[in-house]
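K.L.:
Below is the file structure_39.pdb, with PDB, C-alpha atoms, pLDDT in the B column.
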ATOM      1  CA  ALA A  19       0.000   0.000   0.000  1.00 92.00           C
ATOM      2  CA  LEU A  20       1.004   3.604  -0.408  1.00 95.00           C
ATOM      3  CA  LEU A  21       0.246   6.558   1.857  1.00 97.00           C
ATOM      4  CA  MET A  22       0.947   9.921   0.257  1.00 98.00           C
ATOM      5  CA  ILE A  23       1.054  12.947   2.582  1.00 98.00           C
ATOM      6  CA  SER A  24       1.010  16.338   0.846  1.00 98.00           C
ATOM      7  CA  PRO A  25       2.685  14.768  -2.196  1.00 98.00           C
ATOM      8  CA  ALA A  26       4.365  16.601  -5.066  1.00 97.00           C
ATOM      9  CA  THR A  27       3.154  14.496  -7.986  1.00 97.00           C
ATOM     10  CA  HIS A  28       2.288  16.639 -10.999  1.00 97.00           C
ATOM     11  CA  PRO A  29       3.839  19.491 -12.993  1.00 94.00           C
ATOM     12  CA  TRP A  30       2.895  22.928 -11.652  1.00 91.00           C
ATOM     13  CA  PRO A  31       2.861  26.428 -13.111  1.00 91.00           C
ATOM     14  CA  GLY A  32       6.208  28.169 -12.906  1.00 88.00           C
ATOM     15  CA  GLY A  33       8.308  25.050 -12.359  1.00 83.00           C
ATOM     16  CA  ILE A  34      11.240  24.997  -9.920  1.00 82.00           C
ATOM     17  CA  ALA A  35      12.449  28.109  -8.086  1.00 80.00           C
ATOM     18  CA  ARG A  36      15.551  29.398  -9.876  1.00 80.00           C
ATOM     19  CA  TYR A  37      17.819  29.187  -6.827  1.00 75.00           C
ATOM     20  CA  TYR A  38      17.510  25.376  -6.813  1.00 80.00           C
ATOM     21  CA  THR A  39      18.797  25.190 -10.374  1.00 79.00           C
ATOM     22  CA  VAL A  40      21.650  27.567  -9.547  1.00 77.00           C
ATOM     23  CA  ALA A  41      22.566  25.725  -6.331  1.00 81.00           C
ATOM     24  CA  ALA A  42      22.515  22.403  -8.213  1.00 82.00           C
ATOM     25  CA  SER A  43      24.931  23.634 -10.896  1.00 80.00           C
ATOM     26  CA  MET A  44      28.714  23.556 -10.751  1.00 76.00           C
ATOM     27  CA  PRO A  45      28.962  27.380 -10.349  1.00 77.00           C
ATOM     28  CA  GLY A  46      26.277  27.041  -7.665  1.00 78.00           C
ATOM     29  CA  GLN A  47      28.784  25.203  -5.503  1.00 86.00           C
ATOM     30  CA  LEU A  48      30.273  28.608  -4.696  1.00 88.00           C
ATOM     31  CA  PHE A  49      26.871  29.636  -3.352  1.00 87.00           C
ATOM     32  CA  ASN A  50      26.575  26.398  -1.371  1.00 89.00           C
ATOM     33  CA  TYR A  51      29.946  26.938   0.309  1.00 91.00           C
ATOM     34  CA  THR A  52      29.610  30.685   0.965  1.00 92.00           C
ATOM     35  CA  LEU A  53      26.023  31.897   1.182  1.00 90.00           C
ATOM     36  CA  ALA A  54      23.764  28.895   1.842  1.00 90.00           C
ATOM     37  CA  LEU A  55      24.587  28.787   5.544  1.00 93.00           C
ATOM     38  CA  PRO A  56      24.141  32.470   6.474  1.00 95.00           C
ATOM     39  CA  LEU A  57      21.136  32.996   4.201  1.00 93.00           C
ATOM     40  CA  GLY A  58      19.604  29.672   5.239  1.00 93.00           C
ATOM     41  CA  GLN A  59      19.979  30.514   8.920  1.00 95.00           C
ATOM     42  CA  ALA A  60      18.338  33.893   8.343  1.00 96.00           C
ATOM     43  CA  MET A  61      15.451  32.296   6.420  1.00 95.00           C
ATOM     44  CA  MET A  62      15.020  29.143   8.523  1.00 96.00           C
ATOM     45  CA  LYS A  63      12.391  30.383  10.981  1.00 95.00           C
ATOM     46  CA  PRO A  64      10.091  31.920   8.319  1.00 95.00           C
ATOM     47  CA  ALA A  65      10.605  28.888   6.057  1.00 94.00           C
ATOM     48  CA  VAL A  66       9.587  26.476   8.826  1.00 96.00           C
ATOM     49  CA  GLN A  67       6.612  28.665   9.692  1.00 96.00           C
ATOM     50  CA  SER A  68       5.484  28.607   6.057  1.00 94.00           C
ATOM     51  CA  VAL A  69       5.661  24.793   5.954  1.00 93.00           C
ATOM     52  CA  PHE A  70       3.420  24.490   9.013  1.00 94.00           C
ATOM     53  CA  ALA A  71       1.122  27.457   8.251  1.00 95.00           C
ATOM     54  CA  PRO A  72      -1.573  28.120   9.150  1.00 96.00           C
ATOM     55  CA  GLN A  73      -0.616  26.043  12.201  1.00 95.00           C
ATOM     56  CA  ASN A  74       2.466  26.821  14.274  1.00 95.00           C
ATOM     57  CA  PRO A  75       5.497  24.536  14.142  1.00 95.00           C
ATOM     58  CA  PRO A  76       6.077  22.363  17.203  1.00 93.00           C
ATOM     59  CA  ASN A  77       8.198  23.969  19.917  1.00 92.00           C
ATOM     60  CA  ASP A  78      11.907  23.449  19.296  1.00 94.00           C
ATOM     61  CA  TYR A  79      11.212  21.832  15.897  1.00 95.00           C
ATOM     62  CA  VAL A  80      14.359  23.278  14.306  1.00 95.00           C
ATOM     63  CA  LYS A  81      16.548  22.195  17.224  1.00 96.00           C
ATOM     64  CA  ASN A  82      14.982  18.762  17.733  1.00 96.00           C
ATOM     65  CA  THR A  83      15.080  17.815  14.051  1.00 95.00           C
ATOM     66  CA  LYS A  84      18.612  19.151  13.580  1.00 97.00           C
ATOM     67  CA  LEU A  85      17.273  21.072  10.589  1.00 96.00           C
ATOM     68  CA  PRO A  86      20.346  23.321  10.234  1.00 96.00           C
ATOM     69  CA  LEU A  87      22.254  20.256   9.006  1.00 97.00           C
ATOM     70  CA  VAL A  88      20.492  20.743   5.654  1.00 95.00           C
ATOM     71  CA  LEU A  89      22.604  23.882   5.217  1.00 96.00           C
ATOM     72  CA  ARG A  90      25.898  21.972   5.050  1.00 96.00           C
ATOM     73  CA  PRO A  91      27.300  22.661   1.568  1.00 94.00           C
ATOM     74  CA  GLN A  92      27.198  19.078   0.260  1.00 93.00           C
ATOM     75  CA  THR A  93      23.785  18.410   1.779  1.00 95.00           C
ATOM     76  CA  PHE A  94      22.374  21.688   0.473  1.00 91.00           C
ATOM     77  CA  GLY A  95      23.718  20.917  -2.999  1.00 91.00           C
ATOM     78  CA  ALA A  96      22.302  17.377  -2.963  1.00 92.00           C
ATOM     79  CA  ASN A  97      18.891  18.667  -1.908  1.00 91.00           C
ATOM     80  CA  ALA A  98      19.041  21.332  -4.612  1.00 90.00           C
ATOM     81  CA  ARG A  99      19.813  18.656  -7.231  1.00 90.00           C
ATOM     82  CA  ASP A 100      16.855  16.572  -6.014  1.00 92.00           C
ATOM     83  CA  VAL A 101      14.466  19.519  -6.131  1.00 90.00           C
ATOM     84  CA  ALA A 102      15.850  20.791  -9.453  1.00 88.00           C
ATOM     85  CA  GLY A 103      15.017  17.416 -11.015  1.00 92.00           C
ATOM     86  CA  LEU A 104      11.575  17.108  -9.404  1.00 94.00           C
ATOM     87  CA  TYR A 105       9.593  18.981 -12.049  1.00 92.00           C
ATOM     88  CA  ASN A 106      10.932  16.872 -14.910  1.00 92.00           C
ATOM     89  CA  PHE A 107      10.494  13.718 -12.831  1.00 96.00           C
ATOM     90  CA  VAL A 108       6.828  14.324 -12.019  1.00 96.00           C
ATOM     91  CA  THR A 109       6.184  15.401 -15.604  1.00 96.00           C
ATOM     92  CA  ALA A 110       7.483  12.018 -16.798  1.00 97.00           C
ATOM     93  CA  GLN A 111       5.853   9.993 -14.002  1.00 97.00           C
ATOM     94  CA  ALA A 112       2.346  11.505 -13.926  1.00 97.00           C
ATOM     95  CA  PRO A 113       1.103   9.622 -17.018  1.00 97.00           C
ATOM     96  CA  ARG A 114       2.122   6.337 -15.351  1.00 97.00           C
ATOM     97  CA  TYR A 115       0.000   6.774 -12.195  1.00 98.00           C
ATOM     98  CA  LYS A 116      -2.915   5.055 -13.943  1.00 97.00           C
ATOM     99  CA  ASN A 117      -0.864   1.825 -13.752  1.00 97.00           C
ATOM    100  CA  ILE A 118      -0.648   1.755  -9.945  1.00 96.00           C
ATOM    101  CA  ARG A 119      -2.500  -1.306  -8.679  1.00 92.00           C
ATOM    102  CA  THR A 120      -1.955  -1.166  -4.932  1.00 91.00           C
ATOM    103  CA  PRO A 121      -4.209   0.556  -2.391  1.00 93.00           C
ATOM    104  CA  VAL A 122      -3.341   4.255  -2.179  1.00 95.00           C
ATOM    105  CA  ALA A 123      -4.465   6.880   0.322  1.00 96.00           C
ATOM    106  CA  ILE A 124      -3.673  10.551  -0.199  1.00 98.00           C
ATOM    107  CA  ILE A 125      -3.846  13.076   2.644  1.00 97.00           C
ATOM    108  CA  SER A 126      -3.448  16.812   2.158  1.00 97.00           C
ATOM    109  CA  GLY A 127      -4.319  20.031   3.884  1.00 97.00           C
ATOM    110  CA  SER A 128      -6.767  22.494   2.384  1.00 97.00           C
ATOM    111  CA  ALA A 129      -4.423  25.339   3.371  1.00 97.00           C
ATOM    112  CA  ASP A 130      -1.194  23.855   1.958  1.00 97.00           C
ATOM    113  CA  THR A 131       0.685  26.637   0.162  1.00 94.00           C
ATOM    114  CA  ILE A 132       3.873  24.603  -0.355  1.00 94.00           C
ATOM    115  CA  VAL A 133       2.527  21.744  -2.510  1.00 95.00           C
ATOM    116  CA  LEU A 134      -0.850  22.818  -3.833  1.00 96.00           C
ATOM    117  CA  THR A 135      -3.562  20.282  -3.043  1.00 97.00           C
ATOM    118  CA  GLU A 136      -5.603  21.227  -6.110  1.00 96.00           C
ATOM    119  CA  ILE A 137      -2.742  20.421  -8.499  1.00 96.00           C
ATOM    120  CA  HIS A 138      -1.092  17.452  -6.814  1.00 97.00           C
ATOM    121  CA  SER A 139      -3.406  15.550  -4.476  1.00 98.00           C
ATOM    122  CA  ARG A 140      -6.621  15.997  -6.449  1.00 98.00           C
ATOM    123  CA  ASN A 141      -4.902  15.019  -9.691  1.00 98.00           C
ATOM    124  CA  SER A 142      -3.279  12.000  -8.029  1.00 98.00           C
ATOM    125  CA  ALA A 143      -6.656  10.856  -6.712  1.00 98.00           C
ATOM    126  CA  ARG A 144      -8.058  11.271 -10.221  1.00 98.00           C
ATOM    127  CA  ASP A 145      -5.176   9.433 -11.907  1.00 98.00           C
ATOM    128  CA  ILE A 146      -4.574   6.507  -9.515  1.00 98.00           C
ATOM    129  CA  PRO A 147      -7.290   3.864  -9.776  1.00 97.00           C
ATOM    130  CA  GLY A 148      -9.090   3.380  -6.456  1.00 94.00           C
ATOM    131  CA  ALA A 149      -7.069   6.007  -4.595  1.00 96.00           C
ATOM    132  CA  THR A 150      -8.774   7.722  -1.680  1.00 96.00           C
ATOM    133  CA  LEU A 151      -8.298  11.410  -0.965  1.00 97.00           C
ATOM    134  CA  THR A 152      -8.659  13.033   2.423  1.00 97.00           C
ATOM    135  CA  ILE A 153      -8.381  16.804   2.528  1.00 97.00           C
ATOM    136  CA  LEU A 154      -8.022  18.107   6.054  1.00 97.00           C
ATOM    137  CA  PRO A 155      -9.774  21.479   6.414  1.00 96.00           C
ATOM    138  CA  GLY A 156      -7.417  24.224   7.520  1.00 95.00           C
ATOM    139  CA  ALA A 157      -4.327  22.003   7.559  1.00 96.00           C
ATOM    140  CA  GLY A 158      -1.105  23.204   5.961  1.00 96.00           C
ATOM    141  CA  HIS A 159       1.742  21.223   4.416  1.00 96.00           C
ATOM    142  CA  ALA A 160       2.512  19.189   7.549  1.00 95.00           C
ATOM    143  CA  PRO A 161      -0.720  17.376   8.450  1.00 96.00           C
ATOM    144  CA  HIS A 162       1.296  14.532   9.972  1.00 95.00           C
ATOM    145  CA  TRP A 163       2.250  17.067  12.687  1.00 93.00           C
ATOM    146  CA  SER A 164      -0.913  19.152  12.943  1.00 93.00           C
ATOM    147  CA  HIS A 165      -3.528  16.431  12.400  1.00 95.00           C
ATOM    148  CA  THR A 166      -1.701  13.336  13.582  1.00 96.00           C
ATOM    149  CA  ALA A 167      -4.848  11.466  14.670  1.00 97.00           C
ATOM    150  CA  ASP A 168      -6.389  11.935  11.215  1.00 96.00           C
ATOM    151  CA  VAL A 169      -3.238  10.615   9.528  1.00 96.00           C
ATOM    152  CA  VAL A 170      -3.125   7.613  11.861  1.00 97.00           C
ATOM    153  CA  ALA A 171      -6.810   6.922  11.122  1.00 97.00           C
ATOM    154  CA  GLU A 172      -6.068   6.957   7.386  1.00 95.00           C
ATOM    155  CA  ILE A 173      -3.214   4.520   7.949  1.00 96.00           C
ATOM    156  CA  GLY A 174      -5.690   2.220   9.721  1.00 96.00           C
ATOM    157  CA  LYS A 175      -8.155   2.475   6.821  1.00 95.00           C
ATOM    158  CA  LEU A 176      -5.363   1.809   4.340  1.00 93.00           C
ATOM    159  CA  HIS A 177      -4.273  -1.233   6.326  1.00 93.00           C
ATOM    160  CA  ALA A 178      -7.844  -2.550   6.331  1.00 93.00           C
ATOM    161  CA  ARG A 179      -8.063  -2.062   2.550  1.00 90.00           C
ATOM    162  CA  LEU A 180      -4.769  -3.866   2.094  1.00 86.00           C
ATOM    163  CA  ALA A 181      -5.832  -6.739   4.346  1.00 88.00           C
ATOM    164  CA  ALA A 182      -9.110  -7.104   2.434  1.00 88.00           C
ATOM    165  CA  SER A 183      -7.557  -7.061  -1.035  1.00 79.00           C
ATOM    166  CA  PRO A 184      -6.351 -10.252  -2.677  1.00 75.00           C
ATOM    167  CA  ARG A 185      -2.604 -10.317  -3.111  1.00 66.00           C
ATOM    168  CA  PRO A 186      -1.286 -11.781  -6.333  1.00 57.00           C
ATOM    169  CA  ALA A 187       1.708 -14.090  -6.066  1.00 50.00           C
ATOM    170  CA  GLN A 188       4.970 -12.482  -7.111  1.00 51.00           C
ATOM    171  CA  ALA A 189       6.003 -13.303 -10.653  1.00 49.00           C
ATOM    172  CA  GLY A 190       8.396 -16.203 -10.764  1.00 47.00           C
ATOM    173  CA  ALA A 191       7.878 -17.153  -7.126  1.00 44.00           C
ATOM    174  CA  PRO A 192       5.560 -19.927  -5.969  1.00 43.00           C
ATOM    175  CA  HIS A 193       2.761 -18.867  -3.642  1.00 40.00           C
ATOM    176  CA  GLN A 194       3.587 -19.942  -0.114  1.00 41.00           C
ATOM    177  CA  THR A 195       1.624 -19.901   3.101  1.00 38.00           C
ATOM    178  CA  LEU A 196       2.994 -20.326   6.568  1.00 41.00           C
ATOM    179  CA  SER A 197       1.325 -22.532   9.126  1.00 38.00           C
ATOM    180  CA  GLY A 198       1.969 -23.248  12.753  1.00 41.00           C
ATOM    181  CA  LYS A 199       2.660 -26.920  12.031  1.00 38.00           C
TER     182      LYS A 199
END
Translate this structure into C-alpha cells?

P.N.:
Amino acid sequence: ALLMISPATHPWPGGIARYYTVAASMPGQLFNYTLALPLGQAMMKPAVQSVFAPQNPPNDYVKNTKLPLVLRPQTFGANARDVAGLYNFVTAQAPRYKNIRTPVAIISGSADTIVLTEIHSRNSARDIPGATLTILPGAGHAPHWSHTADVVAEIGKLHARLAASPRPAQAGAPHQTLSGK
C-alpha cells in the first residue's frame, strides 16, 4: 500500500524556483559553500513557519530535528539537485499513475501553500485507480504534525483495505503460506 502525505506528484505552473537550479549547478557550488549557511539561517524560521502554516510549528522543531544540518554545503547541494530534477520527474511519471495497482491513500491540507492540493493531491486521486483522498480542512503542508490522529486513522483504513484485497503471487515465485505446524 502507499500513503501519500502532501505529495508533489504533478507538474505545476512556474516550475522549480531558480535558486535550486543555480545551487545544483557547478557554479552554484560557490553559493553552497559561501552563502547557503548564512542565508539559510536567516530564512530558517520563516521557512519552517510557512511549511506548518496556518498552524504553528512544534516547539523546538528546528533544534529537535537538527534542521540546520540541511545547510551543510554538500547536503544543500544534494537537496538542490533533487528539487531541481523534481519537475521533470513528475512530468514524466504523472502519465504512469494510472498503472498503480496497490491501495493508495492521499492526505493533504486544504491550506497547503507549499505543494498545492488542487494540483497534486486531487490530480493523483483522479489518476490513480481506487485512490482515496482526504483533505483536512485548515491544515497546511505538515498534516502529519498538525492532524496526527487523522493521519493515523487513514493509515488504519489503508491497512484494512490492504488486508481485504487479494494479493497476487509475485512473478516467478511460488505462492507460499505459513502454518503453525

K.L.:
Give me, as a list in words, all polymer residues having an atom no more than 10 Å from Pro121 in chain A, counting only C-alpha atoms and skipping those fewer than 2 positions away in the same chain.

P.N.:
Ala19, Leu20, Leu21, Ile118, Arg119, Ala123, Ile146, Pro147, Gly148, Ala149, Thr150, Leu176, His177, Ala178, Arg179, Leu180 and Ser183 of chain A

K.L.:
Would you write out those residues with C-alpha atoms, as a short mmCIF file (atom, residue, chain, number, x, y, z; two decimals), in the coordinates of the input?

P.N.:
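Below you can see result_25.cif, which holds the result:
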data_model
loop_
_atom_site.label_atom_id
_atom_site.label_comp_id
_atom_site.auth_asym_id
_atom_site.auth_seq_id
_atom_site.Cartn_x
_atom_site.Cartn_y
_atom_site.Cartn_z
CA ALA A 19 0.00 0.00 0.00
CA LEU A 20 1.00 3.60 -0.41
CA LEU A 21 0.25 6.56 1.86
CA ILE A 118 -0.65 1.76 -9.94
CA ARG A 119 -2.50 -1.31 -8.68
CA ALA A 123 -4.46 6.88 0.32
CA ILE A 146 -4.57 6.51 -9.52
CA PRO A 147 -7.29 3.86 -9.78
CA GLY A 148 -9.09 3.38 -6.46
CA ALA A 149 -7.07 6.01 -4.60
CA THR A 150 -8.77 7.72 -1.68
CA LEU A 176 -5.36 1.81 4.34
CA HIS A 177 -4.27 -1.23 6.33
CA ALA A 178 -7.84 -2.55 6.33
CA ARG A 179 -8.06 -2.06 2.55
CA LEU A 180 -4.77 -3.87 2.09
CA SER A 183 -7.56 -7.06 -1.03
#

K.L.:
If you count all atoms listed in the file, which residues fall within 10 Å of range 64-74 of chain A, apart from same-chain ones fewer than 3 positions away, as a ChimeraX atom specification?

P.N.:
/A:58-61,77,79-80,85,129-133,156-161,163-164

K.L.:
With 12 Å as the threshold, what does the neighbourhood of (9.2, 26.8, -11.3) contain in terms of residues, counting only C-alpha atoms? Coordinates are those of the file; answer as a count of residues only.

P.N.:
17

K.L.:
What does the distance from CA of Leu87 in chain A to CA of Leu57 in chain A come to in Å, to one decimal?

P.N.:
13.7 Å

K.L.:
Please write the residues picked by the PyMOL selection byres ((chain A and resi 54) around 9) on this file as number ranges by chain.

P.N.:
A: 41, 49-53, 55-59, 89-91, 94

K.L.:
Based on the selection just made, write C-alpha atoms of those residues as a short mmCIF file (atom, residue, chain, number, x, y, z; two decimals), in the frame of the given file.

P.N.:
data_model
loop_
_atom_site.label_atom_id
_atom_site.label_comp_id
_atom_site.auth_asym_id
_atom_site.auth_seq_id
_atom_site.Cartn_x
_atom_site.Cartn_y
_atom_site.Cartn_z
CA ALA A 41 22.57 25.72 -6.33
CA PHE A 49 26.87 29.64 -3.35
CA ASN A 50 26.58 26.40 -1.37
CA TYR A 51 29.95 26.94 0.31
CA THR A 52 29.61 30.68 0.96
CA LEU A 53 26.02 31.90 1.18
CA LEU A 55 24.59 28.79 5.54
CA PRO A 56 24.14 32.47 6.47
CA LEU A 57 21.14 33.00 4.20
CA GLY A 58 19.60 29.67 5.24
CA GLN A 59 19.98 30.51 8.92
CA LEU A 89 22.60 23.88 5.22
CA ARG A 90 25.90 21.97 5.05
CA PRO A 91 27.30 22.66 1.57
CA PHE A 94 22.37 21.69 0.47
#

K.L.:
Take every atom of range 168-177 of chain A listed in the file, fit an axis-aligned box around them, add 5 Å per side, and give the centre and edge lengths in Å to one decimal as lines of an AutoDock Vina configuration file.

P.N.:
center_x = -5.6
center_y = 5.4
center_z = 8.1
size_x = 15.0
size_y = 23.2
size_z = 17.5

K.L.:
Considering only C-alpha atoms, state which residue in the set A:Ile23, A:Ala181, A:Val170, A:Ala42 is at the smallest distance from Thr120 in chain A.

P.N.:
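So, comparing all the options, the nearest one is A:Ala181.
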
K.L.:
Can you work out the spacing between CA of Ala112 in chain A and CA of Ile137 in chain A in Å, to one decimal?

P.N.:
11.6 Å

K.L.:
Around (2.5, 6.8, -12.3), as given in the file, which residues come within 12 Å? Count all atoms listed in the file and list them as an mmCIF file with C-alpha atoms, in the frame of the given file.

P.N.:
data_model
loop_
_atom_site.group_PDB
_atom_site.id
_atom_site.type_symbol
_atom_site.label_atom_id
_atom_site.label_comp_id
_atom_site.auth_asym_id
_atom_site.auth_seq_id
_atom_site.Cartn_x
_atom_site.Cartn_y
_atom_site.Cartn_z
ATOM 1 C CA THR A 27 3.154 14.496 -7.986
ATOM 2 C CA HIS A 28 2.288 16.639 -10.999
ATOM 3 C CA PHE A 107 10.494 13.718 -12.831
ATOM 4 C CA VAL A 108 6.828 14.324 -12.019
ATOM 5 C CA THR A 109 6.184 15.401 -15.604
ATOM 6 C CA ALA A 110 7.483 12.018 -16.798
ATOM 7 C CA GLN A 111 5.853 9.993 -14.002
ATOM 8 C CA ALA A 112 2.346 11.505 -13.926
ATOM 9 C CA PRO A 113 1.103 9.622 -17.018
ATOM 10 C CA ARG A 114 2.122 6.337 -15.351
ATOM 11 C CA TYR A 115 0.000 6.774 -12.195
ATOM 12 C CA LYS A 116 -2.915 5.055 -13.943
ATOM 13 C CA ASN A 117 -0.864 1.825 -13.752
ATOM 14 C CA ILE A 118 -0.648 1.755 -9.945
ATOM 15 C CA ARG A 119 -2.500 -1.306 -8.679
ATOM 16 C CA THR A 120 -1.955 -1.166 -4.932
ATOM 17 C CA VAL A 122 -3.341 4.255 -2.179
ATOM 18 C CA ASN A 141 -4.902 15.019 -9.691
ATOM 19 C CA SER A 142 -3.279 12.000 -8.029
ATOM 20 C CA ALA A 143 -6.656 10.856 -6.712
ATOM 21 C CA ARG A 144 -8.058 11.271 -10.221
ATOM 22 C CA ASP A 145 -5.176 9.433 -11.907
ATOM 23 C CA ILE A 146 -4.574 6.507 -9.515
ATOM 24 C CA PRO A 147 -7.290 3.864 -9.776
#

K.L.:
If you measure from CA of His165 in chain A to CA of Lys63 in chain A, what distance in Å do you get, rounded to one decimal?

P.N.:
21.2 Å

K.L.:
I'd like the contact shell of Ser126 in chain A - 7 Å cut-off, all atoms listed in the file, skipping same-chain residues fewer than 5 positions apart - returned as number ranges by chain.

P.N.:
A: 23-24, 135, 139, 152-154, 161

K.L.:
Which residue out of A:Ala26, A:Lys81, A:Ala96, A:Pro86 has the minimum interatomic distance to Gln47 in chain A when all atoms listed in the file are used?

P.N.:
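Checking each of A:Ala26, A:Lys81, A:Ala96, A:Pro86 against Gln47 in chain A, counting all atoms listed in the file, the winner is A:Ala96.
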
K.L.:
A:Val169, A:Ala98, A:Ile124, A:Ala182: which is nearest Gly46 in chain A, counting all atoms listed in the file?

P.N.:
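Once distances to Gly46 in chain A are computed over all atoms listed in the file, the minimum belongs to A:Ala98.
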
K.L.:
For range 129-146 of chain A, which lacks atoms in the input, supply N, CA, C and O atoms and format the output as an mmCIF file, in the coordinates of the input.

P.N.:
data_model
loop_
_atom_site.group_PDB
_atom_site.id
_atom_site.type_symbol
_atom_site.label_atom_id
_atom_site.label_comp_id
_atom_site.auth_asym_id
_atom_site.auth_seq_id
_atom_site.Cartn_x
_atom_site.Cartn_y
_atom_site.Cartn_z
ATOM 1 N N ALA A 129 -5.159 24.079 3.311
ATOM 2 C CA ALA A 129 -4.423 25.339 3.371
ATOM 3 C C ALA A 129 -2.944 25.172 3.025
ATOM 4 O O ALA A 129 -2.132 26.025 3.369
ATOM 5 N N ASP A 130 -2.588 24.102 2.335
ATOM 6 C CA ASP A 130 -1.194 23.855 1.958
ATOM 7 C C ASP A 130 -0.785 24.836 0.868
ATOM 8 O O ASP A 130 -1.335 24.814 -0.234
ATOM 9 N N THR A 131 0.182 25.689 1.157
ATOM 10 C CA THR A 131 0.685 26.637 0.162
ATOM 11 C C THR A 131 2.051 26.222 -0.382
ATOM 12 O O THR A 131 2.615 26.917 -1.227
ATOM 13 N N ILE A 132 2.569 25.088 0.092
ATOM 14 C CA ILE A 132 3.873 24.603 -0.355
ATOM 15 C C ILE A 132 3.708 23.675 -1.562
ATOM 16 O O ILE A 132 4.347 23.840 -2.592
ATOM 17 N N VAL A 133 2.856 22.672 -1.426
ATOM 18 C CA VAL A 133 2.527 21.744 -2.510
ATOM 19 C C VAL A 133 1.011 21.822 -2.667
ATOM 20 O O VAL A 133 0.268 21.313 -1.827
ATOM 21 N N LEU A 134 0.568 22.481 -3.702
ATOM 22 C CA LEU A 134 -0.850 22.818 -3.833
ATOM 23 C C LEU A 134 -1.730 21.574 -4.006
ATOM 24 O O LEU A 134 -1.566 20.804 -4.944
ATOM 25 N N THR A 135 -2.657 21.427 -3.080
ATOM 26 C CA THR A 135 -3.562 20.282 -3.043
ATOM 27 C C THR A 135 -4.346 20.149 -4.341
ATOM 28 O O THR A 135 -4.540 19.040 -4.847
ATOM 29 N N GLU A 136 -4.786 21.262 -4.892
ATOM 30 C CA GLU A 136 -5.603 21.227 -6.110
ATOM 31 C C GLU A 136 -4.832 20.647 -7.296
ATOM 32 O O GLU A 136 -5.404 19.956 -8.130
ATOM 33 N N ILE A 137 -3.552 20.912 -7.379
ATOM 34 C CA ILE A 137 -2.742 20.421 -8.499
ATOM 35 C C ILE A 137 -2.273 18.991 -8.249
ATOM 36 O O ILE A 137 -2.365 18.133 -9.126
ATOM 37 N N HIS A 138 -1.776 18.719 -7.074
ATOM 38 C CA HIS A 138 -1.092 17.452 -6.814
ATOM 39 C C HIS A 138 -2.036 16.378 -6.260
ATOM 40 O O HIS A 138 -2.218 15.335 -6.880
ATOM 41 N N SER A 139 -2.604 16.597 -5.116
ATOM 42 C CA SER A 139 -3.406 15.550 -4.476
ATOM 43 C C SER A 139 -4.670 15.239 -5.257
ATOM 44 O O SER A 139 -5.013 14.071 -5.458
ATOM 45 N N ARG A 140 -5.389 16.265 -5.684
ATOM 46 C CA ARG A 140 -6.621 15.997 -6.449
ATOM 47 C C ARG A 140 -6.316 15.277 -7.764
ATOM 48 O O ARG A 140 -7.030 14.359 -8.150
ATOM 49 N N ASN A 141 -5.255 15.689 -8.438
ATOM 50 C CA ASN A 141 -4.902 15.019 -9.691
ATOM 51 C C ASN A 141 -4.411 13.595 -9.447
ATOM 52 O O ASN A 141 -4.686 12.699 -10.242
ATOM 53 N N SER A 142 -3.708 13.364 -8.357
ATOM 54 C CA SER A 142 -3.279 12.000 -8.029
ATOM 55 C C SER A 142 -4.487 11.113 -7.763
ATOM 56 O O SER A 142 -4.550 9.975 -8.241
ATOM 57 N N ALA A 143 -5.445 11.632 -7.000
ATOM 58 C CA ALA A 143 -6.656 10.856 -6.712
ATOM 59 C C ALA A 143 -7.426 10.552 -7.998
ATOM 60 O O ALA A 143 -7.989 9.464 -8.150
ATOM 61 N N ARG A 144 -7.407 11.478 -8.927
ATOM 62 C CA ARG A 144 -8.058 11.271 -10.221
ATOM 63 C C ARG A 144 -7.319 10.221 -11.050
ATOM 64 O O ARG A 144 -7.938 9.365 -11.689
ATOM 65 N N ASP A 145 -5.983 10.253 -11.017
ATOM 66 C CA ASP A 145 -5.176 9.433 -11.907
ATOM 67 C C ASP A 145 -4.886 8.023 -11.398
ATOM 68 O O ASP A 145 -4.609 7.132 -12.188
ATOM 69 N N ILE A 146 -4.909 7.813 -10.086
ATOM 70 C CA ILE A 146 -4.574 6.507 -9.515
ATOM 71 C C ILE A 146 -5.856 5.737 -9.267
ATOM 72 O O ILE A 146 -6.695 6.157 -8.463
#
